[in-house]
There are 2 protein chains.
Amino acid sequence: MISRKTKYGFKALCFLARRENNEPVQISVIAEEENISLKFLESILLTLKKAGFLGAKKGKGGGYYLLEETRNTPVASFYRVLEGPIAMVPCVSLNFYEKCDDCPDETLCSVHNLMIQVRDNTLSILENKTLNDFVKNQS
Amino acid sequence: MISRKTKYGFKALCFLARRENNEPVQISVIAEEENISLKFLESILLTLKKAGFLGAKKGKGGGYYLLEETRNTPVASFYRVLEGPIAMVPCVSLNFYEKCDDCPDETLCSVHNLMIQVRDNTLSILENKTLNDFVKNQS
DNA sequence: TGCATACCCTACTAAATTAATAGGATAATA
DNA sequence: TATTATCCTATTAATTTAGTAGGGTATGCA
């Protein structure tokens, strides 16, 4: 299960991607359109900005907007920033690897070997989708 | 990420599946071999028993053992009992469906449509693997 | 210059979940 | 009837989640 943070963050990115021009959009506008708590969304968008996916403009007429490359960024990148590892166990994570306490030899662990397959399948989707795949007829 | 409960439960099932005979095995034996807290494992095995995957025998010479059909049970079934939904959002779950508060129309939701694909890919693995696939050279 | 706007940032918190632990009840065996 | 081992309920510490509070800072406009 993904957290609301991840869900809201991705919805906000899609919202911005659906805009025809790339003018800044206020947090409050996105929050209202997507039914997200304003303050919560504020912290999420800040995270996405710090990660280099969004630009922001302060003051009147300000707001958040997509950066150039963000439209072609794989969904996997958003996922890692918002949710963390894509893998279902840390010992199988490419970007957030951690050894298991209980496991003397990973290569012999049934959970490990099963979850490698799940990870690769999930990655094959998340690494090959971008915001462009979600702009049409979508909220 | 899956919980330790799921990880430990699946490891215990694999441990039992690797035994040549189907004699009852004490919790303490599994706990020691797999480096799992005894009391925690106790509650997990009880769950698996109540779900119909394991049999149990009390008293001397007692313990847990696999039921007949468990060897051919898809891993997805264990997952649902131990962890819950396989889907990454409730609105996409086949067995634990829940509508999202924030979403007026699921069919237009980008998260929904993305996660359907992830779910189907994950299911294609978990529904087609059984304990038999994990008995060789595995801990 | 000054005021309104809108993002920036830190800290805090209530609720839920996780990962156990404690302690006894029950059933089977010898 | 003593021992063994599962069964069952309740409790708890730690962590994570999903926010909320309350200002600070930069921008644009009159």
# chains A, B, ... in the order shown; residues from 1 in each chain; ligands from 1
call {"tool": "select_by_dssp", "arguments": {"residues": "stretch 43-118 of chain B", "states": "alpha helix (DSSP H)", "output": "list in words"}}
result
Ser43, Ile44, Leu45, Leu46, Thr47, Leu48, Lys49, Lys50, Val75, Ala76, Ser77, Phe78, Tyr79, Arg80, Val81, Leu82, Ser110, Val111, His112, Asn113, Leu114, Met115, Ile116, Gln117 and Val118 of chain B
call {"tool": "write_last_selection", "arguments": {"atoms": "N, CA and C atoms", "output": "PDB file, in the first residue's frame"}}
result
ATOM      1  N   SER B  43       2.253 -16.293  17.270  1.00  0.00           N
ATOM      2  CA  SER B  43       1.013 -15.632  16.838  1.00  0.00           C
ATOM      3  C   SER B  43       0.829 -15.721  15.321  1.00  0.00           C
ATOM      4  N   ILE B  44       1.934 -15.705  14.605  1.00  0.00           N
ATOM      5  CA  ILE B  44       1.858 -15.781  13.145  1.00  0.00           C
ATOM      6  C   ILE B  44       1.381 -17.168  12.704  1.00  0.00           C
ATOM      7  N   LEU B  45       1.940 -18.208  13.329  1.00  0.00           N
ATOM      8  CA  LEU B  45       1.559 -19.567  12.955  1.00  0.00           C
ATOM      9  C   LEU B  45       0.099 -19.848  13.311  1.00  0.00           C
ATOM     10  N   LEU B  46      -0.332 -19.241  14.398  1.00  0.00           N
ATOM     11  CA  LEU B  46      -1.733 -19.386  14.787  1.00  0.00           C
ATOM     12  C   LEU B  46      -2.641 -18.785  13.723  1.00  0.00           C
ATOM     13  N   THR B  47      -2.241 -17.648  13.220  1.00  0.00           N
ATOM     14  CA  THR B  47      -2.982 -16.996  12.136  1.00  0.00           C
ATOM     15  C   THR B  47      -3.052 -17.904  10.907  1.00  0.00           C
ATOM     16  N   LEU B  48      -1.918 -18.485  10.560  1.00  0.00           N
ATOM     17  CA  LEU B  48      -1.865 -19.349   9.377  1.00  0.00           C
ATOM     18  C   LEU B  48      -2.685 -20.622   9.585  1.00  0.00           C
ATOM     19  N   LYS B  49      -2.734 -21.051  10.833  1.00  0.00           N
ATOM     20  CA  LYS B  49      -3.557 -22.227  11.127  1.00  0.00           C
ATOM     21  C   LYS B  49      -5.039 -21.901  10.978  1.00  0.00           C
ATOM     22  N   LYS B  50      -5.434 -20.772  11.563  1.00  0.00           N
ATOM     23  CA  LYS B  50      -6.838 -20.351  11.488  1.00  0.00           C
ATOM     24  C   LYS B  50      -7.269 -20.110  10.043  1.00  0.00           C
ATOM     25  N   VAL B  75       1.021 -18.263  -3.565  1.00  0.00           N
ATOM     26  CA  VAL B  75       1.618 -17.359  -2.585  1.00  0.00           C
ATOM     27  C   VAL B  75       0.704 -16.174  -2.298  1.00  0.00           C
ATOM     28  N   ALA B  76      -0.054 -15.757  -3.302  1.00  0.00           N
ATOM     29  CA  ALA B  76      -0.995 -14.644  -3.130  1.00  0.00           C
ATOM     30  C   ALA B  76      -1.941 -14.868  -1.949  1.00  0.00           C
ATOM     31  N   SER B  77      -2.347 -16.125  -1.740  1.00  0.00           N
ATOM     32  CA  SER B  77      -3.265 -16.423  -0.630  1.00  0.00           C
ATOM     33  C   SER B  77      -2.599 -16.207   0.720  1.00  0.00           C
ATOM     34  N   PHE B  78      -1.352 -16.622   0.834  1.00  0.00           N
ATOM     35  CA  PHE B  78      -0.615 -16.376   2.077  1.00  0.00           C
ATOM     36  C   PHE B  78      -0.470 -14.883   2.321  1.00  0.00           C
ATOM     37  N   TYR B  79      -0.132 -14.191   1.231  1.00  0.00           N
ATOM     38  CA  TYR B  79       0.097 -12.742   1.309  1.00  0.00           C
ATOM     39  C   TYR B  79      -1.142 -12.016   1.844  1.00  0.00           C
ATOM     40  N   ARG B  80      -2.298 -12.405   1.311  1.00  0.00           N
ATOM     41  CA  ARG B  80      -3.532 -11.719   1.720  1.00  0.00           C
ATOM     42  C   ARG B  80      -3.861 -11.955   3.180  1.00  0.00           C
ATOM     43  N   VAL B  81      -3.556 -13.151   3.668  1.00  0.00           N
ATOM     44  CA  VAL B  81      -3.830 -13.457   5.075  1.00  0.00           C
ATOM     45  C   VAL B  81      -2.846 -12.732   5.997  1.00  0.00           C
ATOM     46  N   LEU B  82      -1.586 -12.713   5.598  1.00  0.00           N
ATOM     47  CA  LEU B  82      -0.555 -12.140   6.464  1.00  0.00           C
ATOM     48  C   LEU B  82      -0.480 -10.616   6.354  1.00  0.00           C
ATOM     49  N   SER B 110      -5.519   9.002 -12.326  1.00  0.00           N
ATOM     50  CA  SER B 110      -4.230   8.537 -12.829  1.00  0.00           C
ATOM     51  C   SER B 110      -3.598   7.499 -11.908  1.00  0.00           C
ATOM     52  N   VAL B 111      -3.725   7.711 -10.611  1.00  0.00           N
ATOM     53  CA  VAL B 111      -3.172   6.760  -9.656  1.00  0.00           C
ATOM     54  C   VAL B 111      -3.874   5.407  -9.804  1.00  0.00           C
ATOM     55  N   HIS B 112      -5.178   5.466  -9.896  1.00  0.00           N
ATOM     56  CA  HIS B 112      -5.981   4.266 -10.070  1.00  0.00           C
ATOM     57  C   HIS B 112      -5.526   3.467 -11.288  1.00  0.00           C
ATOM     58  N   ASN B 113      -5.422   4.141 -12.406  1.00  0.00           N
ATOM     59  CA  ASN B 113      -5.101   3.433 -13.647  1.00  0.00           C
ATOM     60  C   ASN B 113      -3.669   2.906 -13.676  1.00  0.00           C
ATOM     61  N   LEU B 114      -2.771   3.640 -13.041  1.00  0.00           N
ATOM     62  CA  LEU B 114      -1.393   3.155 -12.939  1.00  0.00           C
ATOM     63  C   LEU B 114      -1.330   1.918 -12.043  1.00  0.00           C
ATOM     64  N   MET B 115      -2.015   1.984 -10.930  1.00  0.00           N
ATOM     65  CA  MET B 115      -1.906   0.921  -9.939  1.00  0.00           C
ATOM     66  C   MET B 115      -2.630  -0.369 -10.340  1.00  0.00           C
ATOM     67  N   ILE B 116      -3.572  -0.260 -11.233  1.00  0.00           N
ATOM     68  CA  ILE B 116      -4.197  -1.458 -11.798  1.00  0.00           C
ATOM     69  C   ILE B 116      -3.147  -2.284 -12.539  1.00  0.00           C
ATOM     70  N   GLN B 117      -2.298  -1.594 -13.280  1.00  0.00           N
ATOM     71  CA  GLN B 117      -1.250  -2.303 -14.022  1.00  0.00           C
ATOM     72  C   GLN B 117      -0.238  -2.950 -13.082  1.00  0.00           C
ATOM     73  N   VAL B 118       0.150  -2.205 -12.051  1.00  0.00           N
ATOM     74  CA  VAL B 118       1.104  -2.751 -11.079  1.00  0.00           C
ATOM     75  C   VAL B 118       0.495  -3.976 -10.391  1.00  0.00           C
TER      76      VAL B 118
END
call {"tool": "residues_around", "arguments": {"residues": "stretch 6-10 of chain C", "least_positions_apart": "5", "cutoff": "7 Å", "atoms": "only C-alpha atoms (C1' of nucleotides)", "output": "PDB file with N, CA and C atoms (P, O5', C5', C4', C3', O3' and C1' of nucleotides), in the first residue's frame"}}
result
ATOM      1  N   LYS A  58       7.258  32.780  -5.937  1.00  0.00           N
ATOM      2  CA  LYS A  58       6.594  33.391  -4.785  1.00  0.00           C
ATOM      3  C   LYS A  58       5.819  34.634  -5.190  1.00  0.00           C
ATOM      4  N   GLY A  59       5.025  35.121  -4.265  1.00  0.00           N
ATOM      5  CA  GLY A  59       4.299  36.371  -4.454  1.00  0.00           C
ATOM      6  C   GLY A  59       3.122  36.247  -5.401  1.00  0.00           C
ATOM      7  N   LYS A  60       2.504  37.389  -5.682  1.00  0.00           N
ATOM      8  CA  LYS A  60       1.283  37.400  -6.502  1.00  0.00           C
ATOM      9  C   LYS A  60       1.547  36.769  -7.864  1.00  0.00           C
ATOM     10  N   GLY A  62       2.121  33.786  -8.236  1.00  0.00           N
ATOM     11  CA  GLY A  62       3.073  32.690  -8.020  1.00  0.00           C
ATOM     12  C   GLY A  62       2.386  31.354  -7.908  1.00  0.00           C
ATOM     13  N   GLY A  63       3.199  30.342  -7.612  1.00  0.00           N
ATOM     14  CA  GLY A  63       2.676  28.981  -7.483  1.00  0.00           C
ATOM     15  C   GLY A  63       3.718  27.975  -7.919  1.00  0.00           C
TER      16      GLY A  63
ATOM     17  P    DT D  25      13.404  35.175   7.906  1.00  0.00           P
ATOM     18  O5'  DT D  25      12.954  34.964   6.393  1.00  0.00           O
ATOM     19  C5'  DT D  25      13.152  33.697   5.761  1.00  0.00           C
ATOM     20  C4'  DT D  25      12.734  33.817   4.313  1.00  0.00           C
ATOM     21  C3'  DT D  25      13.263  35.062   3.616  1.00  0.00           C
ATOM     22  O3'  DT D  25      13.732  34.679   2.324  1.00  0.00           O
ATOM     23  C1'  DT D  25      10.930  34.935   3.358  1.00  0.00           C
TER      24       DT D  25
END
call {"tool": "closest_residue", "arguments": {"among": "B:Leu94, B:Val29, B:Ala51, B:Leu13", "to": "chain A", "atoms": "only C-alpha atoms"}}
result
B:Leu13
call {"tool": "interface_residues", "arguments": {"of": "chain A", "to": "chain B", "cutoff": "8 Å", "atoms": "only C-alpha atoms", "output": "short mmCIF file (atom, residue, chain, number, x, y, z; two decimals) with C-alpha atoms, in the first residue's frame"}}
result
data_model
loop_
_atom_site.label_atom_id
_atom_site.label_comp_id
_atom_site.auth_asym_id
_atom_site.auth_seq_id
_atom_site.Cartn_x
_atom_site.Cartn_y
_atom_site.Cartn_z
CA MET A 1 0.00 0.00 0.00
CA ILE A 2 1.21 3.48 -0.83
CA LYS A 7 -0.93 9.39 -3.94
CA PHE A 10 1.41 12.03 -7.97
CA LYS A 11 -2.06 13.48 -8.44
CA CYS A 14 -0.61 14.93 -13.09
CA GLU A 34 -7.95 17.27 -6.04
CA ASN A 35 -9.58 17.29 -2.58
CA ILE A 36 -6.34 17.35 -0.63
CA PRO A 85 11.81 1.95 -1.89
CA ILE A 86 9.84 0.28 -4.65
CA ALA A 87 11.01 -3.14 -3.48
CA MET A 88 8.93 -5.02 -0.94
CA VAL A 89 11.91 -5.95 1.23
CA PRO A 90 15.00 -3.82 1.85
CA ASP A 102 17.60 -12.76 10.29
CA CYS A 103 19.04 -13.92 6.98
CA THR A 107 20.72 -15.98 -2.21
CA LEU A 108 19.12 -18.87 -0.32
CA CYS A 109 16.20 -16.86 1.06
CA SER A 110 12.81 -17.65 -0.43
CA VAL A 111 11.40 -14.21 0.37
CA GLN A 117 10.75 -10.98 -9.31
CA VAL A 118 8.01 -8.75 -7.95
CA ASN A 121 7.92 -6.58 -12.71
CA THR A 122 6.89 -3.44 -10.87
CA ILE A 125 5.99 -0.46 -15.35
CA PHE A 134 -1.50 10.44 -17.80
CA ASN A 137 -8.99 12.18 -20.02
CA GLN A 138 -7.63 11.84 -16.58
CA SER A 139 -8.04 13.60 -13.27
#
call {"tool": "interface_residues", "arguments": {"of": "chain D", "to": "chain B", "cutoff": "6 Å", "atoms": "only C-alpha atoms (C1' of nucleotides)", "output": "PDB file with N, CA and C atoms (P, O5', C5', C4', C3', O3' and C1' of nucleotides), in the first residue's frame"}}
result
ATOM      1  P    DT D   4       8.762 -31.592  29.976  1.00  0.00           P
ATOM      2  O5'  DT D   4       8.018 -31.386  28.579  1.00  0.00           O
ATOM      3  C5'  DT D   4       7.622 -32.509  27.802  1.00  0.00           C
ATOM      4  C4'  DT D   4       6.555 -32.092  26.825  1.00  0.00           C
ATOM      5  C3'  DT D   4       6.879 -30.817  26.039  1.00  0.00           C
ATOM      6  O3'  DT D   4       6.960 -31.139  24.658  1.00  0.00           O
ATOM      7  C1'  DT D   4       4.626 -30.816  26.808  1.00  0.00           C
ATOM      8  P    DA D   5       7.762 -30.266  23.633  1.00  0.00           P
ATOM      9  O5'  DA D   5       6.604 -29.389  22.978  1.00  0.00           O
ATOM     10  C5'  DA D   5       5.588 -30.044  22.218  1.00  0.00           C
ATOM     11  C4'  DA D   5       4.422 -29.108  22.047  1.00  0.00           C
ATOM     12  C3'  DA D   5       4.798 -27.682  21.616  1.00  0.00           C
ATOM     13  O3'  DA D   5       4.138 -27.323  20.428  1.00  0.00           O
ATOM     14  C1'  DA D   5       3.236 -27.649  23.368  1.00  0.00           C
ATOM     15  P    DT D   6       4.294 -25.928  19.678  1.00  0.00           P
ATOM     16  O5'  DT D   6       2.768 -25.575  19.393  1.00  0.00           O
ATOM     17  C5'  DT D   6       1.902 -26.566  18.853  1.00  0.00           C
ATOM     18  C4'  DT D   6       0.485 -26.349  19.375  1.00  0.00           C
ATOM     19  C3'  DT D   6      -0.211 -25.094  18.853  1.00  0.00           C
ATOM     20  O3'  DT D   6      -1.543 -25.433  18.482  1.00  0.00           O
ATOM     21  C1'  DT D   6      -0.296 -25.122  21.198  1.00  0.00           C
TER      22       DT D   6
END
call {"tool": "interface_residues", "arguments": {"of": "chain C", "to": "chain B", "cutoff": "9 Å", "atoms": "only C-alpha atoms (C1' of nucleotides)", "output": "compact mmCIF listing (two decimals) with C-alpha atoms (C1' of nucleotides), in the first residue's frame"}}
result
# COMPACT_ATOMS: atom_id res chain seq x y z
C1' DT C 18 3.86 -2.78 13.85
C1' DA C 19 6.44 -5.89 16.40
C1' DA C 20 6.54 -7.76 19.72
C1' DT C 21 5.81 -9.54 25.17
C1' DA C 27 -5.46 -30.25 24.94
C1' DA C 28 -2.54 -34.36 24.09
C1' DT C 29 0.79 -37.65 25.53
C1' DA C 30 3.18 -40.86 28.56
call {"tool": "atom_distance", "arguments": {"atom1": "atom CA of A:Glu32", "atom2": "atom CA of A:Thr70"}}
result
22.9 Å
call {"tool": "residues_around", "arguments": {"residues": "C:DA25", "least_positions_apart": "5", "cutoff": "12 Å", "atoms": "only C-alpha atoms (C1' of nucleotides)", "output": "PyMOL selection string"}}
result
chain D and resi 6-9
call {"tool": "write_last_selection", "arguments": {"atoms": "C-alpha atoms (C1' of nucleotides)", "output": "PDB file, in the first residue's frame"}}
result
ATOM      1  C1'  DT D   6      -0.296 -25.122  21.198  1.00  0.00           C
ATOM      2  C1'  DC D   7      -4.151 -21.666  22.030  1.00  0.00           C
ATOM      3  C1'  DC D   8      -5.793 -17.183  23.329  1.00  0.00           C
ATOM      4  C1'  DT D   9      -6.326 -12.434  25.265  1.00  0.00           C
TER       5       DT D   9
END
call {"tool": "atom_distance", "arguments": {"atom1": "atom CA of A:Pro24", "atom2": "atom CA of A:Thr73"}}
result
19.4 Å
call {"tool": "select_by_dssp", "arguments": {"residues": "chain B", "states": "strand (DSSP E or B)", "output": "ChimeraX atom specification"}}
result
/B:25,54-57,63-66
